[in-house]
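Colleague: Structure file upload07.cif, mmCIF, C-alpha atoms, is pasted below:
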```cif
data_final
#
loop_
_atom_site.label_atom_id
_atom_site.label_comp_id
_atom_site.auth_asym_id
_atom_site.auth_seq_id
_atom_site.Cartn_x
_atom_site.Cartn_y
_atom_site.Cartn_z
CA MET C 1 -113.85 43.78 -92.88
CA GLU C 2 -113.54 41.15 -90.16
CA THR C 3 -113.42 37.64 -91.54
CA VAL C 4 -112.20 34.15 -90.71
CA GLY C 5 -110.33 31.53 -92.66
CA TYR C 6 -108.08 28.51 -92.31
CA ALA C 7 -104.39 29.41 -92.22
CA ALA C 8 -101.04 27.67 -92.13
CA PHE C 9 -98.91 28.99 -89.27
CA SER C 10 -95.77 27.07 -90.24
CA ALA C 11 -94.56 24.62 -92.88
CA SER C 12 -95.13 21.66 -90.57
CA SER C 13 -98.36 22.50 -88.73
CA ASP C 14 -101.95 21.74 -89.68
CA LEU C 15 -104.13 24.60 -90.92
CA LYS C 16 -106.18 26.24 -88.18
CA PRO C 17 -108.97 28.84 -87.94
CA TYR C 18 -107.61 32.37 -88.27
CA HIS C 19 -109.46 35.64 -87.71
CA PHE C 20 -108.14 38.57 -89.73
CA LYS C 21 -109.20 41.73 -91.55
CA ARG C 22 -109.67 42.30 -95.26
CA ARG C 23 -108.69 45.74 -96.55
CA VAL C 24 -111.04 48.68 -96.65
CA LEU C 25 -112.84 48.80 -100.02
CA ARG C 26 -111.00 50.91 -102.60
CA ASP C 27 -112.91 52.73 -105.32
CA ASN C 28 -112.25 49.92 -107.83
CA ASP C 29 -112.68 46.99 -105.43
CA VAL C 30 -115.28 44.25 -105.22
CA ALA C 31 -116.07 42.65 -101.85
CA ILE C 32 -117.09 39.00 -102.15
CA GLU C 33 -118.64 36.46 -99.82
CA ILE C 34 -116.90 33.21 -100.68
CA LEU C 35 -119.27 30.32 -101.29
CA TYR C 36 -116.85 27.63 -102.50
CA SER C 37 -113.08 27.39 -102.51
CA GLY C 38 -111.12 24.72 -104.34
CA ILE C 39 -108.01 23.04 -102.94
CA CYS C 40 -105.10 22.92 -105.38
CA HIS C 41 -101.97 20.78 -105.15
CA SER C 42 -99.98 24.02 -105.35
CA ASP C 43 -101.63 25.10 -102.07
CA LEU C 44 -100.01 22.11 -100.43
CA HIS C 45 -96.60 22.85 -101.99
CA THR C 46 -96.82 26.48 -100.94
CA VAL C 47 -97.83 26.06 -97.31
CA LYS C 48 -95.30 23.25 -96.84
CA GLY C 49 -92.53 25.57 -98.03
CA ASP C 50 -91.64 23.41 -101.04
CA TRP C 51 -91.28 26.59 -103.12
CA GLY C 52 -89.51 28.65 -100.49
CA GLN C 53 -90.19 30.27 -97.15
CA GLN C 54 -93.71 31.66 -96.79
CA PRO C 55 -95.11 34.67 -94.89
CA TYR C 56 -97.07 32.82 -92.20
CA PRO C 57 -99.82 32.91 -91.11
CA LEU C 58 -101.01 32.18 -94.62
CA VAL C 59 -104.55 31.53 -95.85
CA PRO C 60 -104.28 29.50 -99.11
CA GLY C 61 -106.83 29.22 -101.91
CA HIS C 62 -106.98 30.56 -105.45
CA GLU C 63 -110.05 28.78 -106.82
CA ILE C 64 -112.85 30.99 -105.56
CA ILE C 65 -116.57 31.14 -106.31
CA GLY C 66 -118.61 33.74 -104.48
CA GLN C 67 -121.24 36.43 -104.42
CA VAL C 68 -120.72 40.19 -104.51
CA ILE C 69 -121.68 41.89 -101.24
CA SER C 70 -120.29 45.40 -101.87
CA VAL C 71 -118.55 47.42 -104.58
CA GLY C 72 -116.37 50.51 -104.72
CA LYS C 73 -117.81 53.70 -106.21
CA ASN C 74 -115.95 53.32 -109.52
CA VAL C 75 -116.86 49.67 -110.16
CA GLN C 76 -118.80 49.27 -113.42
CA LYS C 77 -118.98 45.55 -114.18
CA TYR C 78 -120.45 44.12 -110.99
CA LYS C 79 -123.29 44.76 -108.56
CA VAL C 80 -124.37 43.30 -105.24
CA GLY C 81 -125.72 39.77 -105.69
CA ASP C 82 -123.69 38.89 -108.79
CA LYS C 83 -122.09 35.43 -108.81
CA VAL C 84 -118.38 35.89 -109.45
CA ALA C 85 -115.06 34.08 -109.42
CA VAL C 86 -111.45 34.83 -108.51
CA GLY C 87 -108.48 32.81 -109.69
CA CYS C 88 -104.75 32.70 -109.11
CA MET C 89 -104.01 36.44 -109.30
CA VAL C 90 -105.62 39.58 -107.96
CA ASP C 91 -103.54 42.38 -109.47
CA SER C 92 -100.83 43.36 -111.96
CA CYS C 93 -99.34 46.61 -113.23
CA GLN C 94 -101.96 46.87 -116.04
CA CYS C 95 -99.58 48.99 -118.13
CA CYS C 96 -96.85 46.70 -119.54
CA ASP C 97 -97.08 44.99 -122.93
CA GLN C 98 -98.14 41.66 -121.39
CA CYS C 99 -100.93 43.18 -119.32
CA LYS C 100 -102.18 45.18 -122.30
CA GLN C 101 -102.47 42.03 -124.41
CA GLY C 102 -104.40 40.20 -121.70
CA GLU C 103 -101.60 38.07 -120.31
CA GLU C 104 -101.38 39.50 -116.83
CA GLN C 105 -99.83 36.26 -115.57
CA TYR C 106 -96.63 37.36 -117.32
CA CYS C 107 -96.75 40.98 -116.08
CA ARG C 108 -93.31 42.55 -116.59
CA ASN C 109 -93.58 44.19 -113.18
CA GLY C 110 -94.84 41.10 -111.40
CA LEU C 111 -98.34 39.79 -110.88
CA THR C 112 -99.90 39.79 -107.41
CA LEU C 113 -100.87 36.28 -106.40
CA THR C 114 -104.16 35.67 -104.62
CA TYR C 115 -102.32 34.66 -101.48
CA GLY C 116 -98.81 35.01 -100.09
CA ALA C 117 -97.87 38.09 -102.11
CA PRO C 118 -97.45 41.77 -101.17
CA ASP C 119 -100.33 44.05 -102.12
CA ARG C 120 -99.19 46.50 -104.80
CA ILE C 121 -100.34 49.52 -102.80
CA THR C 122 -99.98 48.71 -99.10
CA GLY C 123 -97.46 45.86 -99.15
CA GLU C 124 -99.61 43.76 -96.84
CA ILE C 125 -99.63 40.03 -97.63
CA THR C 126 -102.60 38.78 -99.63
CA GLN C 127 -104.71 36.04 -98.08
CA GLY C 128 -106.60 33.53 -100.19
CA GLY C 129 -109.89 31.76 -100.55
CA TYR C 130 -110.08 29.39 -97.58
CA ALA C 131 -112.05 32.19 -95.94
CA LYS C 132 -115.51 33.70 -95.68
CA HIS C 133 -114.71 36.91 -97.59
CA ILE C 134 -112.24 38.45 -100.00
CA VAL C 135 -111.71 41.91 -101.51
CA VAL C 136 -110.38 42.03 -105.08
CA ARG C 137 -109.68 44.67 -107.72
CA GLU C 138 -112.52 44.76 -110.27
CA GLU C 139 -110.30 43.88 -113.23
CA PHE C 140 -109.43 40.54 -111.63
CA VAL C 141 -112.98 39.45 -110.84
CA LEU C 142 -114.69 37.10 -113.30
CA LYS C 143 -118.32 36.51 -114.19
CA VAL C 144 -119.70 33.05 -113.45
CA PRO C 145 -122.01 31.89 -116.27
CA SER C 146 -125.50 31.18 -114.98
CA GLN C 147 -125.37 27.61 -116.37
CA LEU C 148 -122.47 26.58 -114.12
CA ASP C 149 -123.06 24.60 -110.93
CA LEU C 150 -121.36 26.85 -108.36
CA SER C 151 -120.39 23.91 -106.15
CA ARG C 152 -118.32 22.30 -108.93
CA ALA C 153 -116.92 25.31 -110.76
CA ALA C 154 -114.14 26.47 -108.42
CA PRO C 155 -111.28 24.28 -109.77
CA ILE C 156 -111.86 25.69 -113.27
CA LEU C 157 -110.08 28.80 -111.93
CA CYS C 158 -106.81 26.86 -111.70
CA ALA C 159 -106.93 23.31 -113.09
CA GLY C 160 -109.18 24.51 -115.89
CA ILE C 161 -107.22 27.54 -117.03
CA THR C 162 -103.84 25.86 -116.48
CA THR C 163 -104.69 23.19 -119.06
CA PHE C 164 -106.97 25.29 -121.29
CA SER C 165 -104.29 27.93 -121.93
CA PRO C 166 -101.70 25.63 -123.60
CA LEU C 167 -104.43 23.82 -125.54
CA LYS C 168 -105.43 27.20 -127.00
CA LYS C 169 -101.85 28.46 -127.45
CA TRP C 170 -100.88 25.39 -129.47
CA ASN C 171 -104.06 25.58 -131.58
CA VAL C 172 -105.68 22.30 -130.58
CA LYS C 173 -108.60 21.56 -132.86
CA LYS C 174 -110.47 18.69 -134.45
CA GLY C 175 -108.06 15.87 -135.19
CA THR C 176 -105.10 17.21 -133.18
CA LYS C 177 -103.35 14.31 -131.48
CA VAL C 178 -102.99 15.25 -127.81
CA GLY C 179 -101.29 13.23 -125.10
CA VAL C 180 -101.92 13.95 -121.41
CA ILE C 181 -99.30 12.78 -118.92
CA GLY C 182 -100.80 12.21 -115.50
CA PHE C 183 -104.46 11.81 -114.71
CA GLY C 184 -104.98 13.72 -111.49
CA GLY C 185 -106.62 17.09 -110.92
CA LEU C 186 -104.93 18.78 -113.87
CA GLY C 187 -104.81 15.76 -116.14
CA HIS C 188 -108.50 14.90 -116.10
CA MET C 189 -109.36 18.54 -116.91
CA ALA C 190 -106.89 18.50 -119.81
CA VAL C 191 -108.65 15.41 -121.15
CA LYS C 192 -112.13 16.90 -120.85
CA LEU C 193 -111.15 20.20 -122.47
CA ALA C 194 -109.18 18.62 -125.32
CA VAL C 195 -112.03 16.20 -126.05
CA ALA C 196 -114.45 19.15 -126.21
CA MET C 197 -112.08 20.72 -128.76
CA GLU C 198 -112.49 17.49 -130.80
CA ALA C 199 -108.88 16.43 -130.40
CA GLU C 200 -107.81 12.77 -130.38
CA VAL C 201 -106.76 12.36 -126.76
CA THR C 202 -104.54 9.71 -125.18
CA VAL C 203 -103.84 9.47 -121.46
CA ILE C 204 -100.20 8.56 -120.82
CA THR C 205 -99.80 6.81 -117.46
CA ARG C 206 -97.73 4.28 -115.55
CA SER C 207 -100.51 1.66 -115.36
CA ASN C 208 -103.81 0.84 -117.01
CA SER C 209 -105.76 1.15 -113.73
CA LYS C 210 -107.39 4.38 -114.93
CA GLN C 211 -108.24 3.13 -118.42
CA ASP C 212 -111.99 2.87 -117.89
CA VAL C 213 -112.25 6.32 -116.32
CA ALA C 214 -110.10 7.90 -119.03
CA LYS C 215 -112.23 6.47 -121.80
CA LYS C 216 -115.41 7.44 -119.99
CA LEU C 217 -114.17 11.04 -120.11
CA GLY C 218 -113.64 10.77 -123.85
CA ALA C 219 -110.01 9.70 -124.20
CA LYS C 220 -109.46 7.65 -127.34
CA ASP C 221 -106.69 5.57 -125.82
CA VAL C 222 -104.52 4.96 -122.75
CA LEU C 223 -100.77 4.53 -123.24
CA VAL C 224 -98.99 2.68 -120.42
CA THR C 225 -95.35 3.72 -120.20
CA ALA C 226 -94.34 0.32 -118.80
CA ASP C 227 -95.60 -1.36 -121.99
CA MET C 228 -92.51 -1.15 -124.19
CA ASP C 229 -94.27 -2.44 -127.31
CA ALA C 230 -97.01 0.17 -127.00
CA MET C 231 -94.44 2.92 -126.37
CA GLU C 232 -92.48 1.89 -129.46
CA LYS C 233 -95.62 1.95 -131.60
CA SER C 234 -96.42 5.45 -130.28
CA VAL C 235 -93.16 7.09 -131.35
CA ALA C 236 -93.87 10.34 -133.24
CA LYS C 237 -97.59 10.01 -132.55
CA PHE C 238 -98.50 13.26 -130.78
CA ASP C 239 -98.71 16.86 -131.93
CA LEU C 240 -98.93 18.10 -128.35
CA ILE C 241 -98.33 16.55 -124.94
CA ILE C 242 -99.59 18.23 -121.77
CA ASP C 243 -97.40 17.15 -118.84
CA THR C 244 -99.32 17.53 -115.56
CA ILE C 245 -97.03 15.54 -113.23
CA PRO C 246 -96.47 17.76 -110.14
CA VAL C 247 -93.08 16.34 -109.06
CA LYS C 248 -89.61 15.85 -110.54
CA HIS C 249 -89.62 13.20 -113.28
CA ASP C 250 -87.87 11.96 -116.41
CA LEU C 251 -88.92 13.74 -119.63
CA ASN C 252 -86.75 11.46 -121.76
CA VAL C 253 -89.47 8.80 -121.57
CA TYR C 254 -91.95 11.05 -123.36
CA LEU C 255 -90.01 13.11 -125.90
CA PRO C 256 -89.84 10.40 -128.61
CA LEU C 257 -93.65 10.27 -128.55
CA LEU C 258 -93.80 13.75 -130.12
CA ASP C 259 -94.16 14.10 -133.86
CA ILE C 260 -91.82 16.38 -135.81
CA ASP C 261 -92.43 19.94 -134.58
CA GLY C 262 -94.38 18.52 -131.65
CA THR C 263 -94.36 20.22 -128.25
CA LEU C 264 -94.38 18.92 -124.70
CA VAL C 265 -95.80 21.55 -122.35
CA ILE C 266 -95.02 21.34 -118.63
CA VAL C 267 -97.83 22.63 -116.42
CA GLY C 268 -97.22 20.55 -113.29
CA GLN C 269 -93.68 20.46 -111.91
CA LEU C 270 -92.12 23.76 -110.87
CA GLY C 271 -88.43 23.21 -110.25
CA ALA C 272 -85.67 20.75 -111.15
CA MET C 273 -86.15 17.86 -113.57
CA ASP C 274 -84.07 14.79 -114.34
CA GLU C 275 -81.14 15.18 -116.74
CA LEU C 276 -82.29 15.70 -120.31
CA ASN C 277 -81.12 13.89 -123.45
CA THR C 278 -81.40 16.45 -126.25
CA SER C 279 -81.19 13.93 -129.11
CA PRO C 280 -84.98 13.53 -129.52
CA LEU C 281 -85.33 17.32 -129.60
CA ILE C 282 -82.72 17.85 -132.27
CA MET C 283 -83.59 14.83 -134.39
CA GLY C 284 -87.29 15.72 -134.52
CA ARG C 285 -87.33 19.49 -134.11
CA ARG C 286 -89.32 18.80 -130.98
CA ARG C 287 -89.85 21.32 -128.19
CA ILE C 288 -90.24 21.48 -124.44
CA ALA C 289 -92.26 24.45 -123.19
CA GLY C 290 -93.90 25.63 -120.01
CA SER C 291 -97.18 27.39 -119.36
CA LEU C 292 -98.48 29.38 -116.38
CA ILE C 293 -102.27 29.61 -115.90
CA GLY C 294 -103.77 32.22 -118.28
CA GLY C 295 -104.76 35.87 -118.37
CA ILE C 296 -108.07 37.26 -117.14
CA LYS C 297 -109.62 37.28 -120.61
CA GLU C 298 -108.63 33.67 -121.20
CA THR C 299 -109.83 32.64 -117.73
CA GLN C 300 -113.23 34.11 -118.52
CA GLU C 301 -113.10 32.19 -121.79
CA VAL C 302 -112.54 28.86 -120.05
CA LEU C 303 -115.42 29.53 -117.65
CA ASP C 304 -117.68 30.22 -120.63
CA PHE C 305 -116.30 27.20 -122.53
CA CYS C 306 -116.98 24.89 -119.59
CA ALA C 307 -120.50 26.27 -119.24
CA LYS C 308 -121.17 25.72 -122.95
CA HIS C 309 -119.83 22.16 -122.98
CA ASN C 310 -121.02 21.16 -119.48
CA ILE C 311 -117.45 20.50 -118.34
CA TYR C 312 -116.68 20.21 -114.64
CA PRO C 313 -113.74 18.97 -112.64
CA GLU C 314 -114.37 15.78 -110.70
CA CYS C 315 -115.07 17.24 -107.25
CA LYS C 316 -115.59 16.15 -103.66
CA LEU C 317 -117.32 18.72 -101.45
CA ILE C 318 -115.84 19.03 -97.97
CA THR C 319 -116.24 21.18 -94.87
CA PRO C 320 -113.49 23.55 -93.65
CA GLN C 321 -112.84 21.12 -90.81
CA GLU C 322 -111.77 18.50 -93.40
CA ILE C 323 -109.06 20.64 -95.03
CA ASN C 324 -106.16 18.97 -93.23
CA ASP C 325 -107.45 15.51 -94.06
CA SER C 326 -107.65 16.50 -97.74
CA TYR C 327 -104.02 17.67 -97.57
CA HIS C 328 -102.97 14.28 -96.24
CA HIS C 329 -104.68 12.63 -99.23
CA LEU C 330 -102.92 15.00 -101.63
CA GLU C 331 -99.57 14.16 -100.05
CA LYS C 332 -100.23 10.44 -100.53
CA GLY C 333 -101.36 10.99 -104.12
CA ASP C 334 -104.47 8.83 -103.71
CA VAL C 335 -106.97 11.40 -105.00
CA ALA C 336 -108.83 11.17 -108.32
CA TYR C 337 -110.79 14.39 -107.87
CA ARG C 338 -110.55 17.98 -106.64
CA PHE C 339 -111.51 18.90 -103.10
CA VAL C 340 -113.87 21.89 -102.86
CA ILE C 341 -114.59 23.57 -99.53
CA ASP C 342 -118.19 24.51 -98.80
CA MET C 343 -117.58 27.84 -97.08
CA SER C 344 -121.14 28.01 -95.75
CA LYS C 345 -119.87 25.57 -93.12
CA MET C 346 -117.31 28.10 -91.86
CA SER C 347 -118.35 29.82 -88.64
CA ILE C 348 -117.38 33.43 -87.98
#
```
Would you mind writing the file out in structure tokens?
Modeller:
Amino acid sequence: METVGYAAFSASSDLKPYHFKRRVLRDNDVAIEILYSGICHSDLHTVKGDWGQQPYPLVPGHEIIGQVISVGKNVQKYKVGDKVAVGCMVDSCQCCDQCKQGEEQYCRNGLTLTYGAPDRITGEITQGGYAKHIVVREEFVLKVPSQLDLSRAAPILCAGITTFSPLKKWNVKKGTKVGVIGFGGLGHMAVKLAVAMEAEVTVITRSNSKQDVAKKLGAKDVLVTADMDAMEKSVAKFDLIIDTIPVKHDLNVYLPLLDIDGTLVIVGQLGAMDELNTSPLIMGRRRIAGSLIGGIKETQEVLDFCAKHNIYPECKLITPQEINDSYHHLEKGDVAYRFVIDMSKMSI
């Protein structure tokens, strides 16, 4: 299938139009016309080489909403015309213990990422959602609930599942005291989801500039880390803290805020952190954990949950020609929403 997307050709160049071919449909494949594609901060890190050398040219994008245009002969779940979604992974071994329990993101034999990863069969590099079309194995295609606004749903496939998964894993429910560090693309979704789970949510931030927005989204409080009195009063306050900061930072500031047996879950920064003081961990039986997206079953669950509770990321719809400008905003950190590309504006 001939298609076109926007690709990075090096770590330092802008993304440019790129014509390429999607694979021939396998018996268990679904071919999708992409309608909307979200831009994730990890796209920026990846194409800039922050996480290692990349196989350029590389088409990013792992927040995909589209419509089925063709199916392989063995496909059972989908038909032409269905509205579907694709997230951060497009394949796994399907036979290890993690895959069998619906946690394909931890596949023992390695998951296949939506872009920048070798296909399990051919070895060709996967290309992502900043494109007109994609071909994906049936097991990794998700149903989009009819209630969801397609133009706003794409970031649920990454920001949504990345924050939903730890909230579920650590049994957040009515009355759970949840802190959210950072209030960007991941943080505001963590707030919305935790509020819908009836948790008591506090946004933990460096200034009170986002206080009104946080409370509008349902946060009970905003804790400013520069306010020493407020930080002291918040010691041992939280059962769970979701840390969404996407760069290296100091965890020592936040650990005393956890209650005994409390957990701080890192979902933002991938890589080195500042030196850790273990005293708060030992003295309060506190924990630091990490969490990587979620499995296919759980990703379907967050789509259904968002449809039920009318939860959407804060989005700004852009054209493909505005991708590079959106990257510049992400680099500056001056964005309070998720960029979503309207792929109908992409010319073949």
Colleague: Suppose a student applies the PyMOL selection byres ((chain C and resi 135-138) around 7) to this structure; what residues should they get, written as a count of residues only?
Modeller: 14
Colleague: Please list as a list in words every residue within 10 Å of Lys21 in chain C, counting all atoms listed in the file and excluding residues in the same chain fewer than 5 positions away.
Modeller: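 That gives Met1, Glu2, Thr3, Val4, Gln127, His133 and Ile134 of chain C.
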Colleague: Which residues, named as in the file, does the PyMOL selection byres ((chain C and resi 166) around 9) pick out? Answer as a list in words.
Modeller: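 The output of the PyMOL selection byres ((chain C and resi 166) around 9) on this file is Ile161, Thr162, Thr163, Phe164, Ser165, Leu167, Lys168, Lys169, Trp170, Asn171, Val172, Ile242, Val265, Val267, Gly290, Ser291, Leu292, Ile293 and Gly294 of chain C.
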Colleague: Counting all atoms listed in the file, what is within 10 Å of Tyr327 in chain C, bar same-chain residues fewer than 2 positions away, as a PyMOL selection string?
Modeller: chain C and resi 14-15+39-41+43-44+322-325+329-333+339
Colleague: Any idea what the distance is between CA of Asn74 in chain C and CA of Val24 in chain C?
Modeller: 14.5 Å
Colleague: So how many Å separate CA of Leu281 in chain C and CA of Leu186 in chain C, to one decimal?
Modeller: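 Taking CA of Leu281 in chain C and CA of Leu186 in chain C, their separation equals 25.2 Å.
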